[in-house]
$ cat run25.txt   # compact mmCIF, C-alpha atoms
# COMPACT_ATOMS: atom_id res chain seq x y z
CA MET A 1149 42.85 -52.96 64.47
CA ARG A 1150 44.03 -54.49 67.76
CA GLU A 1151 40.53 -54.38 69.29
CA LYS A 1152 39.13 -56.10 66.27
CA ALA A 1153 41.80 -58.86 66.48
CA LYS A 1154 41.04 -59.40 70.21
CA LYS A 1155 37.33 -59.82 69.48
CA ILE A 1156 38.08 -62.43 66.78
CA ILE A 1157 40.37 -64.47 69.11
CA ILE A 1158 37.76 -64.42 71.93
CA SER A 1159 35.04 -65.60 69.52
CA ILE A 1160 37.21 -68.55 68.34
CA LEU A 1161 38.00 -69.66 71.94
CA MET A 1162 34.38 -69.52 72.99
CA VAL A 1163 33.35 -71.65 70.01
CA GLY A 1164 36.02 -74.25 70.91
CA LEU A 1165 35.00 -74.40 74.55
CA MET A 1166 31.37 -74.75 73.68
CA GLN A 1167 32.14 -77.62 71.29
CA GLY A 1168 34.33 -79.34 73.90
CA GLY A 1169 31.73 -79.03 76.66
CA LEU A 1170 28.98 -80.42 74.48
CA SER A 1171 31.11 -83.43 73.56
CA SER A 1172 31.92 -84.21 77.18
CA LEU A 1173 28.30 -83.89 78.10
CA THR A 1174 27.29 -86.32 75.38
CA ILE A 1175 29.84 -88.92 76.49
CA GLU A 1176 28.93 -88.71 80.10
CA SER A 1177 25.24 -89.08 79.45
CA ALA A 1178 25.68 -92.35 77.47
CA PRO A 1179 25.60 -95.71 79.29
CA ARG A 1180 29.04 -97.00 79.99
CA SER A 1181 30.60 -100.43 79.08
CA ASN A 1182 34.19 -101.41 78.62
CA ASN A 1183 34.16 -101.47 74.90
CA ASP A 1184 32.02 -98.50 74.82
CA GLN A 1185 34.24 -97.00 77.37
CA GLU A 1186 37.27 -97.65 75.27
CA ASP A 1187 35.46 -96.48 72.21
CA GLN A 1188 34.36 -93.52 74.08
CA ASP A 1189 37.86 -92.98 75.39
CA GLN A 1190 39.21 -93.33 71.91
CA GLN A 1191 36.55 -91.13 70.57
CA ARG A 1192 37.15 -88.73 73.39
CA GLN A 1193 40.86 -88.83 72.79
CA GLU A 1194 40.28 -88.56 69.11
CA GLN A 1195 37.90 -85.80 69.82
CA GLU A 1196 40.37 -84.16 72.14
CA ARG A 1197 43.10 -84.71 69.62
CA GLN A 1198 40.93 -83.23 66.93
CA ASN A 1199 39.91 -80.46 69.24
CA LYS A 1200 43.50 -79.93 70.19
CA GLN A 1201 44.48 -80.15 66.58
CA ARG A 1202 41.68 -77.83 65.68
CA GLN A 1203 42.64 -75.54 68.51
CA ASP A 1204 46.23 -75.76 67.36
CA GLN A 1205 45.10 -74.98 63.86
CA GLN A 1206 42.90 -72.24 65.14
CA ARG A 1207 45.73 -70.98 67.32
CA GLN A 1208 48.15 -71.23 64.42
CA GLU A 1209 45.60 -69.61 62.16
CA GLN A 1210 45.04 -67.04 64.80
CA GLN A 1211 48.77 -66.58 65.18
CA ARG A 1212 49.16 -66.48 61.43
CA GLN A 1213 46.37 -63.98 61.17
CA ASP A 1214 47.82 -62.08 64.10
CA LYS A 1215 51.22 -62.20 62.50
CA GLN A 1216 49.75 -61.31 59.16
CA ARG A 1217 47.75 -58.56 60.81
CA GLN A 1218 50.82 -57.45 62.71
CA ASP A 1219 52.82 -57.60 59.47
CA GLN A 1220 50.09 -55.63 57.76
CA GLN A 1221 49.95 -53.23 60.66
CA ARG A 1222 53.75 -53.03 60.68
CA GLN A 1223 53.79 -52.59 56.92
CA GLU A 1224 50.97 -50.08 57.15
CA GLN A 1225 52.80 -48.38 59.95
CA GLU A 1226 56.02 -48.46 57.96
CA ARG A 1227 54.16 -47.25 54.87
CA GLN A 1228 52.51 -44.52 56.89
CA ASN A 1229 55.84 -43.69 58.51
CA LYS A 1230 57.53 -43.69 55.15
CA GLN A 1231 54.70 -41.67 53.65
CA ARG A 1232 54.82 -39.34 56.60
CA GLN A 1233 58.60 -39.12 56.29
CA ASP A 1234 58.23 -38.55 52.55
CA GLN A 1235 55.61 -35.92 53.24
CA GLN A 1236 57.78 -34.38 55.90
CA ARG A 1237 60.78 -34.56 53.60
CA GLN A 1238 58.74 -33.11 50.73
CA GLU A 1239 57.28 -30.49 53.04
CA GLN A 1240 60.74 -29.74 54.32
CA GLN A 1241 62.00 -29.57 50.76
CA ARG A 1242 59.02 -27.44 49.80
CA GLN A 1243 59.60 -25.20 52.79
CA ASP A 1244 63.34 -25.12 52.03
CA LYS A 1245 62.60 -24.32 48.42
CA GLN A 1246 60.00 -21.77 49.41
CA ARG A 1247 62.40 -20.30 51.93
CA GLN A 1248 65.13 -20.25 49.28
CA ASP A 1249 62.68 -18.72 46.80
CA GLN A 1250 61.66 -16.16 49.40
CA GLN A 1251 65.29 -15.46 50.16
CA ARG A 1252 66.05 -15.24 46.48
CA GLN A 1253 62.99 -13.03 45.92
CA GLU A 1254 63.94 -10.96 48.92
CA GLN A 1255 67.45 -10.62 47.59
CA GLU A 1256 66.05 -9.83 44.18
CA ARG A 1257 63.64 -7.32 45.70
CA GLN A 1258 66.44 -5.78 47.71
CA LYS A 1259 68.54 -5.66 44.59
CA GLN A 1260 65.67 -4.06 42.65
CA ASP A 1261 65.07 -1.64 45.51
CA GLN A 1262 68.74 -0.80 45.48
CA GLN A 1263 68.68 -0.35 41.73
CA ARG A 1264 65.48 1.69 41.95
CA GLN A 1265 66.99 3.82 44.70
CA ASN A 1266 70.11 4.25 42.62
CA GLN A 1267 67.99 5.16 39.59
CA GLN A 1268 65.89 7.54 41.67
CA ARG A 1269 69.04 9.07 43.10
CA GLN A 1270 70.55 9.38 39.64
CA GLU A 1271 67.27 10.75 38.26
CA GLN A 1272 67.06 13.19 41.14
CA GLU A 1273 70.64 14.24 40.53
CA ARG A 1274 69.91 14.56 36.80
CA GLN A 1275 66.77 16.60 37.50
CA ASP A 1276 68.62 18.76 40.00
CA LYS A 1277 71.39 19.30 37.50
CA GLN A 1278 68.88 19.97 34.74
CA ARG A 1279 66.92 22.35 36.98
CA GLN A 1280 70.10 24.17 37.91
CA GLU A 1281 71.06 24.34 34.25
CA SER A 1282 67.56 25.56 33.36
CA GLN A 1283 67.72 28.17 36.10
CA ARG A 1284 71.14 29.27 34.88
CA GLN A 1285 69.91 29.44 31.29
CA GLU A 1286 66.74 31.24 32.39
CA GLN A 1287 68.81 33.76 34.31
CA GLN A 1288 71.05 34.21 31.29
CA ARG A 1289 68.00 34.52 29.03
CA GLN A 1290 66.36 37.05 31.35
CA GLU A 1291 69.60 38.98 31.59
CA TYR A 1292 70.02 38.88 27.84
CA GLN A 1293 66.36 39.85 27.38
CA ARG A 1294 66.75 42.71 29.84
CA GLN A 1295 69.87 43.91 28.05
CA GLU A 1296 68.13 43.44 24.70
CA GLN A 1297 65.10 45.38 25.93
CA GLN A 1298 67.37 48.13 27.18
CA ARG A 1299 69.20 48.12 23.84
CA GLN A 1300 65.91 48.12 21.91
CA GLU A 1301 64.49 50.83 24.14
CA SER A 1302 67.61 52.91 23.64
CA GLN A 1303 67.46 52.21 19.93
CA ARG A 1304 63.72 53.01 19.86
CA GLN A 1305 64.28 56.28 21.71
CA GLU A 1306 67.13 57.11 19.37
CA GLN A 1307 64.96 56.23 16.39
CA GLN A 1308 62.10 58.30 17.81
CA ARG A 1309 64.48 61.20 18.34
CA GLN A 1310 65.85 60.82 14.81
CA GLU A 1311 62.34 60.32 13.42
CA TYR A 1312 61.13 63.40 15.29
CA GLN A 1313 64.09 65.38 13.97
CA ARG A 1314 63.47 63.99 10.48
CA GLN A 1315 59.75 64.78 10.65
CA GLU A 1316 60.47 68.19 12.09
CA HIS A 1317 63.00 68.82 9.38
CA GLN A 1318 60.57 67.40 6.79
CA ARG A 1319 57.75 69.53 8.18
CA GLN A 1320 59.89 72.64 8.08
CA GLU A 1321 61.08 71.71 4.62
CA TYR A 1322 57.50 71.05 3.55
CA GLN A 1323 56.36 74.35 5.03
CA ARG A 1324 59.20 76.09 3.27
CA GLN A 1325 58.40 74.35 -0.03
CA GLU A 1326 54.67 74.94 0.48
CA GLN A 1327 55.29 78.58 1.15
CA GLN A 1328 57.50 78.74 -1.94
CA ARG A 1329 54.87 76.88 -3.96
CA GLN A 1330 52.06 79.10 -2.72
CA GLU A 1331 54.16 82.15 -3.33
CA TYR A 1332 55.00 80.88 -6.80
CA GLN A 1333 51.33 80.07 -7.49
CA ARG A 1334 50.28 83.46 -6.21
CA GLN A 1335 52.87 85.18 -8.38
CA GLU A 1336 51.99 82.95 -11.35
CA HIS A 1337 48.30 83.62 -10.81
CA GLN A 1338 48.96 87.35 -10.64
CA ARG A 1339 51.09 87.10 -13.76
CA GLN A 1340 48.44 85.10 -15.62
CA GLU A 1341 45.69 87.42 -14.40
CA GLN A 1342 47.67 90.45 -15.48
CA GLN A 1343 48.39 88.80 -18.82
CA ARG A 1344 44.71 87.84 -19.19
CA GLN A 1345 43.66 91.38 -18.37
CA LEU A 1346 46.22 92.79 -20.81
CA GLN A 1347 45.22 90.31 -23.52
CA LYS A 1348 41.49 89.79 -23.86
CA ARG A 1349 40.98 86.36 -25.36
CA HIS A 1350 37.42 86.66 -26.63
CA ASP A 1351 35.91 89.62 -28.37
CA TRP A 1352 32.19 90.21 -27.73
CA SER A 1353 32.07 93.05 -30.34
CA ASN A 1354 30.60 90.84 -33.04
CA ARG A 1355 27.18 92.00 -34.30
CA ALA A 1356 25.70 88.67 -33.18
CA TYR A 1357 26.15 89.81 -29.56
CA TYR A 1358 24.63 93.36 -29.95
CA ASP A 1359 22.03 94.42 -27.42
CA ASN A 1360 19.42 94.85 -30.14
CA VAL A 1361 19.80 91.11 -30.87
CA TRP A 1362 19.94 90.00 -27.24
CA GLY A 1363 17.81 91.47 -24.53
CA ARG A 1364 19.49 92.47 -21.30
CA ALA A 1365 18.30 90.56 -18.24
CA ASP A 1366 17.81 92.52 -15.07
CA PHE A 1367 19.99 90.21 -13.02
CA SER A 1368 23.47 90.72 -11.63
CA TYR A 1369 25.40 87.49 -11.88
CA ASN A 1370 28.78 87.48 -10.16
CA GLU A 1371 29.96 83.88 -10.48
CA PRO A 1372 28.48 80.99 -12.52
CA SER A 1373 28.93 78.40 -9.74
CA PRO A 1374 29.95 75.60 -9.97
CA PHE A 1375 31.65 76.71 -13.22
CA ARG A 1376 34.85 78.74 -13.30
CA TRP A 1377 35.48 81.36 -15.93
CA HIS A 1378 38.39 80.64 -18.26
CA GLU A 1379 38.82 77.08 -16.92
CA SER A 1380 39.95 74.68 -19.64
CA ARG A 1381 37.50 72.11 -20.86
CA GLN A 1382 39.86 69.24 -20.02
CA SER A 1383 40.40 70.57 -16.49
CA MET A 1384 36.68 70.93 -15.94
CA GLN A 1385 35.98 67.49 -17.35
CA ASP A 1386 38.62 65.93 -15.01
CA ARG A 1387 37.33 67.88 -12.04
CA PHE A 1388 33.62 67.88 -12.57
CA MET A 1389 32.49 65.07 -14.80
CA SER A 1390 32.02 61.45 -13.76
CA PRO A 1391 34.56 58.83 -14.95
CA GLY A 1392 34.08 57.84 -18.58
CA TYR A 1393 31.83 60.82 -19.31
CA ARG A 1394 32.79 63.67 -21.59
CA MET A 1395 30.89 66.70 -22.76
CA GLU A 1396 29.54 66.17 -26.26
CA PRO A 1397 30.27 68.95 -28.78
CA TYR A 1398 27.40 70.42 -30.80
CA ARG A 1399 27.97 71.68 -34.35
CA ASP A 1400 25.31 73.35 -36.45
CA ARG A 1401 25.67 76.19 -39.02
CA ASP A 1402 22.70 78.23 -37.77
CA TRP A 1403 23.85 77.76 -34.19
CA GLU A 1404 27.42 78.80 -35.01
CA GLN A 1405 26.14 81.92 -36.81
CA ARG A 1406 24.41 83.00 -33.59
CA PHE A 1407 27.55 82.26 -31.46
CA PRO A 1408 30.51 83.09 -33.71
CA GLY A 1409 33.98 82.28 -32.37
CA LEU A 1410 32.61 79.91 -29.69
CA HIS A 1411 32.57 76.11 -29.40
CA SER A 1412 29.44 74.60 -27.82
CA TYR A 1413 29.25 71.53 -25.56
CA ARG A 1414 26.16 69.98 -24.02
CA TRP A 1415 26.16 69.68 -20.19
CA HIS A 1416 23.70 67.68 -18.06
CA ASP A 1417 23.43 67.76 -14.26
CA SER A 1418 24.08 64.49 -12.38
CA HIS A 1419 23.80 63.35 -8.75
CA ARG A 1420 27.34 61.98 -9.12
CA TYR A 1421 28.83 65.46 -9.31
CA ASP A 1422 30.44 66.65 -6.10
CA GLN A 1423 31.26 70.24 -7.14
CA GLY A 1424 27.87 71.78 -6.33
CA PHE A 1425 24.82 72.52 -8.52
CA PHE A 1426 23.96 75.28 -10.98
CA TRP A 1427 21.23 77.67 -9.80
CA TYR A 1428 19.56 80.65 -11.51
CA ARG A 1429 17.02 82.84 -9.72
CA GLY A 1430 16.40 80.02 -7.20
CA VAL A 1431 15.86 77.37 -9.89
CA ARG A 1432 18.20 74.46 -10.30
CA ILE A 1433 19.36 74.17 -13.89
CA ASN A 1434 19.76 70.57 -15.10
CA ASP A 1435 20.62 71.17 -18.79
CA ALA A 1436 22.97 73.78 -20.17
CA VAL A 1437 25.32 74.61 -23.03
CA LEU A 1438 28.91 75.52 -22.16
CA PHE A 1439 30.70 77.89 -24.55
CA TYR A 1440 34.50 77.74 -24.97
CA ASP A 1441 36.68 80.14 -26.98
CA ASP A 1442 39.49 79.21 -29.36
CA TRP A 1443 41.84 78.77 -26.39
CA ASP A 1444 39.45 76.13 -24.96
CA GLU A 1445 38.52 78.32 -21.97
CA LEU A 1446 35.01 78.71 -20.57
CA VAL A 1447 33.55 82.13 -21.53
CA GLY A 1448 29.77 81.55 -21.53
CA VAL A 1449 26.90 79.45 -20.15
CA GLY A 1450 23.47 79.12 -21.81
CA PHE A 1451 20.24 77.49 -20.61
CA MET A 1452 16.43 77.72 -20.82
CA TYR A 1453 14.56 79.66 -18.14
CA ASP A 1454 10.89 80.62 -18.13
CA GLY A 1455 10.53 80.04 -21.90
CA ALA A 1456 13.62 82.10 -22.82
CA PHE A 1457 17.21 81.18 -23.59
CA VAL A 1458 19.50 82.85 -21.03
CA PHE A 1459 23.11 83.54 -21.98
CA ILE A 1460 25.69 84.48 -19.25
CA ARG A 1461 29.10 85.78 -20.45
CA ASP A 1462 32.50 86.04 -18.76
CA ASP A 1463 32.08 89.83 -18.61
CA TYR A 1464 29.34 89.12 -16.00
CA SER A 1465 26.58 90.32 -18.31
CA VAL A 1466 23.34 88.35 -18.55
CA HIS A 1467 21.38 88.26 -21.82
CA GLN A 1468 18.27 86.43 -22.94
CA HIS A 1469 16.59 85.60 -26.25
CA GLN A 1470 12.94 84.61 -26.55
CA HIS A 1471 11.84 85.72 -30.03
CA ASP A 1472 14.22 83.60 -32.15
CA SER A 1473 12.17 80.45 -32.81
CA THR A 1474 15.06 78.84 -34.71
CA LEU A 1475 17.37 79.31 -31.73
CA LEU A 1476 14.76 77.92 -29.32
CA ALA A 1477 14.27 74.92 -31.60
CA LEU A 1478 18.02 74.33 -31.74
CA VAL A 1479 18.24 74.55 -27.93
CA LEU A 1480 15.45 71.99 -27.52
CA LEU A 1481 17.24 69.75 -30.07
CA ILE A 1482 20.52 70.00 -28.13
CA PHE A 1483 18.87 69.11 -24.80
CA ALA A 1484 17.00 66.22 -26.43
CA LEU A 1485 20.21 64.56 -27.59
$ encode --input "run25.txt" --output "structure tokens"
Amino acid sequence: MREKAKKIIISILMVGLMQGGLSSLTIESAPRSNNDQEDQDQQRQEQERQNKQRQDQQRQEQQRQDKQRQDQQRQEQERQNKQRQDQQRQEQQRQDKQRQDQQRQEQERQKQDQQRQNQQRQEQERQDKQRQESQRQEQQRQEYQRQEQQRQESQRQEQQRQEYQRQEHQRQEYQRQEQQRQEYQRQEHQRQEQQRQLQKRHDWSNRAYYDNVWGRADFSYNEPSPFRWHESRQSMQDRFMSPGYRMEPYRDRDWEQRFPGLHSYRWHDSHRYDQGFFWYRGVRINDAVLFYDDWDELVGVGFMYDGAFVFIRDDYSVHQHQHDSTLLALVLLIFAL
């Protein structure tokens, strides 16, 4: 700004000097006379006065401008100083505030750190206490469990000992009872066998069973397996027959005349039987008639073999009949039922 003001002042002075020099040159080059001289002097004076006035005006203007410029510069400088001071003050305030905020944050952080440390310490103490309590409880639990295991083991051993004694006593008692039962059964069987031998239940002396009616078969039959002589029909049905099956009785006057005093039941072999099969001379018999006496005991078995009706009795005699067409027809009718 100062350089610019200097350049303006120099330009104004040069313009004034140039105007003054040109005026003096014009006056001096004109022809001189008294009046003209006076006029010229007046003009020159007037010109000088004007120039001086103009110079004064210019100088005043220049001074005014300089003063104005200086005032502007001073004001600008004051404004800049004030702005700078305001900025410095604001910056100082900002820095003070920032410093206070930092101090406050630092204090707050320190306080939080202290609180966190206190919490961590308390948590650590709580965890240590809890761990110690857990260890104490675990030790107590293990000790209690060990004592309980020892008690249970002792109790189990005692129970095993008592159970072994009980089983041993039960086994001995069972053996004793079994021996008594077997002995009783053996005695009862002997008694029943003796009674059966003393009292013959079925009498084969009827004329229907004479040898001239039945032909003797040359075959020694010891046991009609799987049948049992003198076994009751109900016992055999429970032991031998399948569930829901019962032997069907057969009643016919001609048939009963040929087997007086006997009750006939049809029997058919089945794969569901688990008591063995009935064989005769190497042939498996699938259909038979079982004969029971009045006491419902098995005393005879009849079946067809090689075109003849074979009749086995409880006295272990084997008979056959092949000339009685009515009997053979009745047998075929029974097996066809």
$ atom_distance --input "run25.txt" --atom1 "CA of Trp1415 (chain A)" --atom2 "CA of Ala1456 (chain A)"
17.8 Å
$ residues_around --input "run25.txt" --residues "Arg1364 (chain A)" --least-positions-apart "2" --cutoff "9 Å" --atoms "all atoms listed in the file" --output "count of residues only"
9
$ residues_around --input "run25.txt" --residues "Arg1406 (chain A)" --least-positions-apart "5" --cutoff "9 Å" --atoms "all atoms listed in the file" --output "PDB file with C-alpha atoms, in the coordinates of the input"
ATOM      1  CA  ALA A1356      25.700  88.670 -33.180  1.00  0.00           C
ATOM      2  CA  TYR A1357      26.150  89.810 -29.560  1.00  0.00           C
ATOM      3  CA  ARG A1401      25.670  76.190 -39.020  1.00  0.00           C
ATOM      4  CA  LEU A1475      17.370  79.310 -31.730  1.00  0.00           C
TER       5      LEU A1475
END
$ closest_residue --input "run25.txt" --among "A:Gln1333, A:Phe1407, A:Leu1446, A:Tyr1312" --to "Ser1383 (chain A)" --atoms "only C-alpha atoms"
A:Leu1446
$ build_atoms --input "run25.txt" --residues "region 1297-1332 of chain A" --atoms "N, CA and C atoms" --output "tab-separated table (two decimals), in the frame of the given file"
chain	number	residue	atom	x	y	z
A	1297	GLN	N	66.16	44.39	25.78
A	1297	GLN	CA	65.10	45.38	25.93
A	1297	GLN	C	65.69	46.77	26.14
A	1298	GLN	N	66.72	46.84	26.97
A	1298	GLN	CA	67.37	48.13	27.18
A	1298	GLN	C	67.96	48.64	25.86
A	1299	ARG	N	68.62	47.71	25.12
A	1299	ARG	CA	69.20	48.12	23.84
A	1299	ARG	C	68.11	48.57	22.87
A	1300	GLN	N	67.01	47.76	22.81
A	1300	GLN	CA	65.91	48.12	21.91
A	1300	GLN	C	65.25	49.42	22.33
A	1301	GLU	N	65.09	49.59	23.64
A	1301	GLU	CA	64.49	50.83	24.14
A	1301	GLU	C	65.37	52.02	23.80
A	1302	SER	N	66.68	51.84	24.01
A	1302	SER	CA	67.61	52.91	23.64
A	1302	SER	C	67.56	53.17	22.14
A	1303	GLN	N	67.53	52.06	21.38
A	1303	GLN	CA	67.46	52.21	19.93
A	1303	GLN	C	66.15	52.86	19.51
A	1304	ARG	N	65.02	52.43	20.19
A	1304	ARG	CA	63.72	53.01	19.86
A	1304	ARG	C	63.70	54.51	20.18
A	1305	GLN	N	64.23	54.86	21.35
A	1305	GLN	CA	64.28	56.28	21.71
A	1305	GLN	C	65.14	57.06	20.72
A	1306	GLU	N	66.27	56.44	20.34
A	1306	GLU	CA	67.13	57.11	19.37
A	1306	GLU	C	66.42	57.25	18.03
A	1307	GLN	N	65.71	56.17	17.63
A	1307	GLN	CA	64.96	56.23	16.39
A	1307	GLN	C	63.84	57.26	16.47
A	1308	GLN	N	63.15	57.29	17.64
A	1308	GLN	CA	62.10	58.30	17.81
A	1308	GLN	C	62.69	59.71	17.73
A	1309	ARG	N	63.85	59.88	18.38
A	1309	ARG	CA	64.48	61.20	18.34
A	1309	ARG	C	64.87	61.55	16.90
A	1310	GLN	N	65.47	60.56	16.19
A	1310	GLN	CA	65.85	60.82	14.81
A	1310	GLN	C	64.62	61.03	13.93
A	1311	GLU	N	63.57	60.17	14.20
A	1311	GLU	CA	62.34	60.32	13.42
A	1311	GLU	C	61.68	61.66	13.68
A	1312	TYR	N	61.70	62.09	14.96
A	1312	TYR	CA	61.13	63.40	15.29
A	1312	TYR	C	61.93	64.51	14.60
A	1313	GLN	N	63.26	64.38	14.64
A	1313	GLN	CA	64.09	65.38	13.97
A	1313	GLN	C	63.84	65.36	12.46
A	1314	ARG	N	63.73	64.09	11.92
A	1314	ARG	CA	63.47	63.99	10.48
A	1314	ARG	C	62.12	64.59	10.12
A	1315	GLN	N	61.08	64.22	10.91
A	1315	GLN	CA	59.75	64.78	10.65
A	1315	GLN	C	59.73	66.29	10.82
A	1316	GLU	N	60.42	66.74	11.88
A	1316	GLU	CA	60.47	68.19	12.09
A	1316	GLU	C	61.17	68.88	10.92
A	1317	HIS	N	62.29	68.27	10.52
A	1317	HIS	CA	63.00	68.82	9.38
A	1317	HIS	C	62.13	68.73	8.12
A	1318	GLN	N	61.45	67.58	7.95
A	1318	GLN	CA	60.57	67.40	6.79
A	1318	GLN	C	59.41	68.39	6.83
A	1319	ARG	N	58.85	68.57	8.06
A	1319	ARG	CA	57.75	69.53	8.18
A	1319	ARG	C	58.22	70.94	7.86
A	1320	GLN	N	59.37	71.31	8.38
A	1320	GLN	CA	59.89	72.64	8.08
A	1320	GLN	C	60.20	72.77	6.60
A	1321	GLU	N	60.79	71.67	6.04
A	1321	GLU	CA	61.08	71.71	4.62
A	1321	GLU	C	59.81	71.79	3.80
A	1322	TYR	N	58.78	71.02	4.25
A	1322	TYR	CA	57.50	71.05	3.55
A	1322	TYR	C	56.85	72.43	3.66
A	1323	GLN	N	56.90	73.00	4.87
A	1323	GLN	CA	56.36	74.35	5.03
A	1323	GLN	C	57.10	75.34	4.14
A	1324	ARG	N	58.43	75.18	4.11
A	1324	ARG	CA	59.20	76.09	3.27
A	1324	ARG	C	58.84	75.90	1.81
A	1325	GLN	N	58.76	74.62	1.36
A	1325	GLN	CA	58.40	74.35	-0.03
A	1325	GLN	C	56.96	74.79	-0.32
A	1326	GLU	N	56.06	74.53	0.67
A	1326	GLU	CA	54.67	74.94	0.48
A	1326	GLU	C	54.55	76.45	0.38
A	1327	GLN	N	55.30	77.13	1.24
A	1327	GLN	CA	55.29	78.58	1.15
A	1327	GLN	C	55.85	79.04	-0.19
A	1328	GLN	N	56.95	78.39	-0.63
A	1328	GLN	CA	57.50	78.74	-1.94
A	1328	GLN	C	56.50	78.43	-3.05
A	1329	ARG	N	55.85	77.25	-2.93
A	1329	ARG	CA	54.87	76.88	-3.96
A	1329	ARG	C	53.70	77.86	-3.98
A	1330	GLN	N	53.17	78.15	-2.78
A	1330	GLN	CA	52.06	79.10	-2.72
A	1330	GLN	C	52.46	80.48	-3.24
A	1331	GLU	N	53.68	80.86	-2.84
A	1331	GLU	CA	54.16	82.15	-3.33
A	1331	GLU	C	54.32	82.13	-4.84
A	1332	TYR	N	54.85	81.01	-5.35
A	1332	TYR	CA	55.00	80.88	-6.80
A	1332	TYR	C	53.64	80.87	-7.49
